[in-house]
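A.B. asks: Contents of input31.cif (mmCIF, N, CA, C and O atoms) are below:
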```cif
data_final
#
loop_
_atom_site.label_atom_id
_atom_site.label_comp_id
_atom_site.auth_asym_id
_atom_site.auth_seq_id
_atom_site.Cartn_x
_atom_site.Cartn_y
_atom_site.Cartn_z
N MET A 176 0.83 -1.18 0.00
CA MET A 176 0.00 0.00 0.00
C MET A 176 0.88 1.26 0.00
O MET A 176 0.64 2.18 -0.77
N PHE A 177 1.89 1.28 0.86
CA PHE A 177 2.77 2.43 0.89
C PHE A 177 3.59 2.54 -0.39
O PHE A 177 3.91 3.62 -0.84
N GLU A 178 3.89 1.41 -0.96
CA GLU A 178 4.67 1.40 -2.21
C GLU A 178 3.87 2.07 -3.34
O GLU A 178 4.39 2.83 -4.13
N ARG A 179 2.57 1.75 -3.40
CA ARG A 179 1.70 2.37 -4.40
C ARG A 179 1.59 3.88 -4.19
O ARG A 179 1.65 4.67 -5.13
N ALA A 180 1.43 4.30 -2.97
CA ALA A 180 1.34 5.73 -2.65
C ALA A 180 2.66 6.41 -2.98
O ALA A 180 2.68 7.54 -3.51
N LYS A 181 3.76 5.72 -2.69
CA LYS A 181 5.08 6.27 -2.99
C LYS A 181 5.25 6.44 -4.50
O LYS A 181 5.75 7.47 -4.98
N ASN A 182 4.81 5.44 -5.27
CA ASN A 182 4.89 5.52 -6.74
C ASN A 182 4.03 6.67 -7.28
O ASN A 182 4.45 7.40 -8.18
N ARG A 183 2.82 6.80 -6.74
CA ARG A 183 1.95 7.91 -7.17
C ARG A 183 2.60 9.25 -6.85
O ARG A 183 2.55 10.18 -7.66
N PHE A 184 3.16 9.36 -5.65
CA PHE A 184 3.83 10.59 -5.26
C PHE A 184 4.95 10.93 -6.24
O PHE A 184 5.06 12.07 -6.71
N HIS A 185 5.77 9.94 -6.59
CA HIS A 185 6.86 10.18 -7.53
C HIS A 185 6.34 10.51 -8.93
O HIS A 185 6.93 11.35 -9.63
N ASN A 186 5.25 9.88 -9.32
CA ASN A 186 4.65 10.18 -10.63
C ASN A 186 4.14 11.62 -10.67
O ASN A 186 4.36 12.35 -11.66
N VAL A 187 3.47 12.04 -9.61
CA VAL A 187 2.96 13.41 -9.54
C VAL A 187 4.14 14.38 -9.49
O VAL A 187 4.13 15.43 -10.17
N LYS A 188 5.16 14.05 -8.71
CA LYS A 188 6.34 14.90 -8.61
C LYS A 188 7.01 15.05 -9.98
O LYS A 188 7.38 16.15 -10.40
N ASP A 189 7.14 13.93 -10.72
CA ASP A 189 7.74 13.98 -12.06
C ASP A 189 6.87 14.80 -13.03
O ASP A 189 7.39 15.55 -13.85
N ALA A 190 5.56 14.63 -12.91
CA ALA A 190 4.65 15.39 -13.78
C ALA A 190 4.76 16.88 -13.50
O ALA A 190 4.79 17.70 -14.43
N LEU A 191 4.83 17.25 -12.21
CA LEU A 191 4.98 18.66 -11.85
C LEU A 191 6.30 19.21 -12.35
O LEU A 191 6.37 20.36 -12.83
N LYS A 192 7.35 18.42 -12.27
CA LYS A 192 8.66 18.84 -12.75
C LYS A 192 8.60 19.09 -14.26
O LYS A 192 9.11 20.10 -14.77
N SER A 193 7.95 18.17 -14.97
CA SER A 193 7.80 18.34 -16.43
C SER A 193 6.99 19.58 -16.76
O SER A 193 7.33 20.32 -17.69
N GLU A 194 5.92 19.80 -16.02
CA GLU A 194 5.09 20.99 -16.26
C GLU A 194 5.87 22.27 -15.97
O GLU A 194 5.78 23.24 -16.71
N LYS A 195 6.68 22.27 -14.91
CA LYS A 195 7.49 23.44 -14.59
C LYS A 195 8.48 23.70 -15.71
O LYS A 195 8.67 24.86 -16.13
N GLU A 196 9.10 22.65 -16.23
CA GLU A 196 10.04 22.82 -17.35
C GLU A 196 9.33 23.37 -18.58
O GLU A 196 9.85 24.23 -19.29
N ALA A 197 8.12 22.87 -18.84
CA ALA A 197 7.34 23.36 -19.98
C ALA A 197 7.00 24.84 -19.81
O ALA A 197 7.09 25.63 -20.76
N VAL A 198 6.61 25.23 -18.61
CA VAL A 198 6.28 26.64 -18.34
C VAL A 198 7.53 27.50 -18.49
O VAL A 198 7.47 28.59 -19.08
N ASP A 199 8.67 27.02 -17.99
CA ASP A 199 9.92 27.78 -18.13
C ASP A 199 10.29 27.95 -19.61
O ASP A 199 10.71 29.03 -20.03
N ASN A 200 10.14 26.87 -20.38
CA ASN A 200 10.43 26.95 -21.82
C ASN A 200 9.48 27.93 -22.51
O ASN A 200 9.89 28.70 -23.38
N LEU A 201 8.21 27.91 -22.11
CA LEU A 201 7.24 28.83 -22.69
C LEU A 201 7.58 30.28 -22.34
O LEU A 201 7.53 31.16 -23.21
N LYS A 202 7.98 30.53 -21.11
CA LYS A 202 8.37 31.88 -20.69
C LYS A 202 9.57 32.36 -21.51
O LYS A 202 9.62 33.51 -21.94
N LYS A 203 10.55 31.47 -21.72
CA LYS A 203 11.73 31.84 -22.50
C LYS A 203 11.33 32.12 -23.95
O LYS A 203 11.80 33.08 -24.55
N SER A 204 10.45 31.30 -24.49
CA SER A 204 9.99 31.53 -25.87
C SER A 204 9.26 32.86 -26.00
O SER A 204 9.45 33.60 -26.97
N ILE A 205 8.43 33.18 -25.03
CA ILE A 205 7.71 34.46 -25.04
C ILE A 205 8.70 35.61 -24.98
O ILE A 205 8.57 36.60 -25.70
N SER A 206 9.71 35.48 -24.14
CA SER A 206 10.73 36.52 -24.03
C SER A 206 11.48 36.69 -25.35
O SER A 206 11.73 37.81 -25.80
N ASP A 207 11.82 35.57 -25.98
CA ASP A 207 12.51 35.63 -27.28
C ASP A 207 11.63 36.30 -28.34
O ASP A 207 12.12 37.11 -29.14
N ILE A 208 10.35 36.00 -28.32
CA ILE A 208 9.43 36.60 -29.29
C ILE A 208 9.33 38.11 -29.04
O ILE A 208 9.35 38.90 -29.98
N GLN A 209 9.25 38.51 -27.78
CA GLN A 209 9.17 39.94 -27.47
C GLN A 209 10.43 40.66 -27.93
O GLN A 209 10.35 41.77 -28.46
N ASP A 210 11.58 40.03 -27.74
CA ASP A 210 12.83 40.64 -28.22
C ASP A 210 12.81 40.75 -29.74
O ASP A 210 13.24 41.75 -30.31
N SER A 211 12.31 39.72 -30.40
CA SER A 211 12.24 39.73 -31.86
C SER A 211 11.29 40.80 -32.36
O SER A 211 11.56 41.45 -33.37
N VAL A 212 10.18 40.99 -31.67
CA VAL A 212 9.21 42.00 -32.08
C VAL A 212 9.86 43.39 -32.04
O VAL A 212 9.67 44.20 -32.95
N ALA A 213 10.64 43.64 -31.02
CA ALA A 213 11.32 44.93 -30.92
C ALA A 213 12.29 45.11 -32.10
O ALA A 213 12.34 46.19 -32.71
N ASP A 214 13.04 44.05 -32.41
CA ASP A 214 13.97 44.13 -33.55
C ASP A 214 13.23 44.31 -34.87
O ASP A 214 13.64 45.08 -35.73
N ILE A 215 12.13 43.59 -35.02
CA ILE A 215 11.35 43.68 -36.26
C ILE A 215 10.75 45.07 -36.40
O ILE A 215 10.73 45.64 -37.49
N THR A 216 10.27 45.63 -35.30
CA THR A 216 9.70 46.98 -35.34
C THR A 216 10.75 47.99 -35.78
O THR A 216 10.47 48.86 -36.61
N LYS A 217 11.96 47.86 -35.26
CA LYS A 217 13.04 48.76 -35.66
C LYS A 217 13.35 48.59 -37.14
O LYS A 217 13.52 49.57 -37.87
N MET A 218 13.38 47.35 -37.62
CA MET A 218 13.65 47.09 -39.03
C MET A 218 12.56 47.68 -39.92
O MET A 218 12.84 48.28 -40.95
N VAL A 219 11.30 47.52 -39.51
CA VAL A 219 10.19 48.08 -40.28
C VAL A 219 10.29 49.59 -40.36
O VAL A 219 10.08 50.19 -41.42
N ASP A 220 10.63 50.21 -39.25
CA ASP A 220 10.80 51.67 -39.23
C ASP A 220 11.92 52.09 -40.18
O ASP A 220 11.78 53.06 -40.93
N ASP A 221 13.04 51.36 -40.15
CA ASP A 221 14.16 51.67 -41.05
C ASP A 221 13.75 51.49 -42.51
O ASP A 221 14.10 52.31 -43.36
N LEU A 222 13.01 50.42 -42.78
CA LEU A 222 12.55 50.20 -44.15
C LEU A 222 11.61 51.30 -44.61
O LEU A 222 11.66 51.74 -45.76
N GLN A 223 10.74 51.76 -43.72
CA GLN A 223 9.82 52.83 -44.08
C GLN A 223 10.58 54.11 -44.42
O GLN A 223 10.22 54.82 -45.37
N VAL A 224 11.63 54.40 -43.69
CA VAL A 224 12.46 55.58 -43.98
C VAL A 224 13.07 55.43 -45.37
O VAL A 224 13.07 56.38 -46.17
N GLN A 225 13.58 54.24 -45.68
CA GLN A 225 14.19 54.01 -46.99
C GLN A 225 13.16 54.13 -48.11
O GLN A 225 13.44 54.71 -49.17
N VAL A 226 11.96 53.60 -47.88
CA VAL A 226 10.89 53.71 -48.89
C VAL A 226 10.54 55.17 -49.12
O VAL A 226 10.36 55.61 -50.26
N ASN A 227 10.44 55.93 -48.04
CA ASN A 227 10.13 57.35 -48.18
C ASN A 227 11.20 58.08 -48.97
O ASN A 227 10.90 58.95 -49.80
N LYS A 228 12.46 57.73 -48.72
CA LYS A 228 13.56 58.36 -49.48
C LYS A 228 13.47 58.00 -50.96
O LYS A 228 13.64 58.88 -51.82
N ILE A 229 13.21 56.75 -51.25
CA ILE A 229 13.11 56.31 -52.65
C ILE A 229 11.93 57.01 -53.33
O ILE A 229 12.04 57.47 -54.47
N ASN A 230 10.79 57.07 -52.64
CA ASN A 230 9.62 57.74 -53.21
C ASN A 230 9.91 59.21 -53.48
O ASN A 230 9.50 59.76 -54.51
N PHE A 231 10.63 59.85 -52.57
CA PHE A 231 10.97 61.26 -52.75
C PHE A 231 11.86 61.44 -53.97
O PHE A 231 11.68 62.37 -54.76
N LYS A 232 12.84 60.54 -54.14
CA LYS A 232 13.75 60.64 -55.27
C LYS A 232 13.04 60.34 -56.59
O LYS A 232 13.36 60.93 -57.62
N ASN A 233 12.09 59.42 -56.58
CA ASN A 233 11.43 58.98 -57.81
C ASN A 233 10.25 59.86 -58.20
O ASN A 233 9.82 59.82 -59.36
N LYS A 234 9.72 60.63 -57.28
CA LYS A 234 8.51 61.42 -57.57
C LYS A 234 8.66 62.31 -58.80
O LYS A 234 7.78 62.29 -59.67
N PRO A 235 9.74 63.09 -58.94
CA PRO A 235 9.85 63.94 -60.13
C PRO A 235 9.85 63.11 -61.42
O PRO A 235 9.23 63.51 -62.41
N HIS A 236 10.53 62.00 -61.40
CA HIS A 236 10.57 61.14 -62.60
C HIS A 236 9.19 60.58 -62.92
O HIS A 236 8.76 60.58 -64.07
N LEU A 237 8.51 60.12 -61.89
CA LEU A 237 7.17 59.56 -62.10
C LEU A 237 6.19 60.65 -62.55
O LEU A 237 5.30 60.39 -63.37
N ASP A 238 6.35 61.86 -62.02
CA ASP A 238 5.49 62.97 -62.45
C ASP A 238 5.71 63.28 -63.94
O ASP A 238 4.74 63.49 -64.68
N ARG A 239 6.98 63.29 -64.37
CA ARG A 239 7.26 63.55 -65.79
C ARG A 239 6.69 62.45 -66.67
O ARG A 239 6.14 62.71 -67.74
N ILE A 240 6.80 61.22 -66.22
CA ILE A 240 6.25 60.10 -66.99
C ILE A 240 4.73 60.24 -67.10
O ILE A 240 4.15 60.05 -68.17
N SER A 241 4.10 60.61 -66.01
CA SER A 241 2.65 60.78 -66.01
C SER A 241 2.23 61.91 -66.94
O SER A 241 1.26 61.78 -67.71
N GLU A 242 2.97 63.01 -66.91
CA GLU A 242 2.66 64.14 -67.81
C GLU A 242 2.85 63.73 -69.26
O GLU A 242 2.02 64.07 -70.13
N ALA A 243 3.92 63.01 -69.55
CA ALA A 243 4.16 62.56 -70.92
C ALA A 243 3.05 61.61 -71.36
O ALA A 243 2.58 61.68 -72.51
N GLN A 244 2.62 60.77 -70.49
CA GLN A 244 1.54 59.83 -70.80
C GLN A 244 0.25 60.59 -71.11
O GLN A 244 -0.47 60.24 -72.07
N GLU A 245 -0.04 61.62 -70.35
CA GLU A 245 -1.24 62.43 -70.61
C GLU A 245 -1.13 63.13 -71.98
O GLU A 245 -2.11 63.16 -72.73
N ARG A 246 0.04 63.69 -72.28
CA ARG A 246 0.23 64.35 -73.58
C ARG A 246 0.06 63.37 -74.73
O ARG A 246 -0.60 63.67 -75.72
N ILE A 247 0.62 62.19 -74.58
CA ILE A 247 0.50 61.17 -75.63
C ILE A 247 -0.95 60.77 -75.81
O ILE A 247 -1.45 60.66 -76.94
N THR A 248 -1.65 60.59 -74.72
CA THR A 248 -3.06 60.21 -74.79
C THR A 248 -3.88 61.30 -75.48
O THR A 248 -4.72 61.02 -76.34
N LYS A 249 -3.64 62.56 -75.12
CA LYS A 249 -4.36 63.67 -75.75
C LYS A 249 -4.05 63.75 -77.24
O LYS A 249 -4.93 63.98 -78.07
N THR A 250 -2.77 63.55 -77.58
CA THR A 250 -2.37 63.60 -78.99
C THR A 250 -3.04 62.47 -79.76
O THR A 250 -3.55 62.67 -80.88
N LEU A 251 -3.07 61.30 -79.20
CA LEU A 251 -3.70 60.16 -79.87
C LEU A 251 -5.21 60.36 -80.02
O LEU A 251 -5.80 59.90 -80.99
N ASP A 252 -5.82 61.04 -79.06
CA ASP A 252 -7.25 61.30 -79.14
C ASP A 252 -7.59 62.22 -80.31
O ASP A 252 -8.70 62.19 -80.83
N ASN A 253 -6.62 63.05 -80.73
CA ASN A 253 -6.85 63.97 -81.85
C ASN A 253 -6.84 63.26 -83.20
O ASN A 253 -7.35 63.80 -84.17
N PHE A 254 -6.23 62.09 -83.26
CA PHE A 254 -6.20 61.35 -84.52
C PHE A 254 -7.57 60.73 -84.77
O PHE A 254 -8.26 60.30 -83.85
N PRO A 255 -7.94 60.66 -86.06
CA PRO A 255 -9.24 60.04 -86.36
C PRO A 255 -9.20 58.55 -86.04
O PRO A 255 -8.19 57.89 -86.20
N LYS A 256 -10.32 58.07 -85.58
CA LYS A 256 -10.43 56.65 -85.25
C LYS A 256 -10.71 55.86 -86.53
O LYS A 256 -11.43 56.31 -87.40
N LYS A 257 -10.13 54.68 -86.61
CA LYS A 257 -10.38 53.80 -87.76
C LYS A 257 -11.71 53.12 -87.56
O LYS A 257 -12.05 52.67 -86.48
N LYS A 258 -12.47 53.04 -88.64
CA LYS A 258 -13.73 52.31 -88.58
C LYS A 258 -13.46 50.88 -88.98
O LYS A 258 -12.72 50.61 -89.92
N LYS A 259 -14.06 49.98 -88.31
CA LYS A 259 -13.85 48.55 -88.59
C LYS A 259 -14.85 48.05 -89.57
O LYS A 259 -15.93 48.43 -89.74
#
```
So, in terms of structure tokens, how does the structure I just supplied come out?

C.D. replies:
Amino acid sequence: MFERAKNRFHNVKDALKSEKEAVDNLKKSISDIQDSVADITKMVDDLQVQVNKINFKNKPHLDRISEAQERITKTLDNFPKKKK
């Protein structure tokens, strides 16, 4: 009878030890994720700055392309349409 109780006690003790290890691993994983989120946020901010710089540099070129496209479209509209 005492042997069975002793075995149950050791089984419960082992299960609690395993659960504690699982909780510790989960806490470490959460901490690692939080650290990664901070790094990712910094990277996203840096990327946004770079995108803004590229957009600023490209805007005049894109504006000229858009203006040229409008002129071409207007010029083409002046030509007579072919009848099918």

A.B. asks: Go ahead and compute the interatomic distance for atom CA of Pro255 of chain A and atom CA of Arg239 of chain A, in Å to one decimal.

C.D. replies: 26.6 Å

A.B. asks: In Å, how far is it from atom C of Phe231 of chain A to atom C of Ala243 of chain A?

C.D. replies: 19.5 Å

A.B. asks: Quick one, how far is atom C of Val224 of chain A from atom CA of Ser211 of chain A?

C.D. replies: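 These atoms are spaced 20.7 Å apart.
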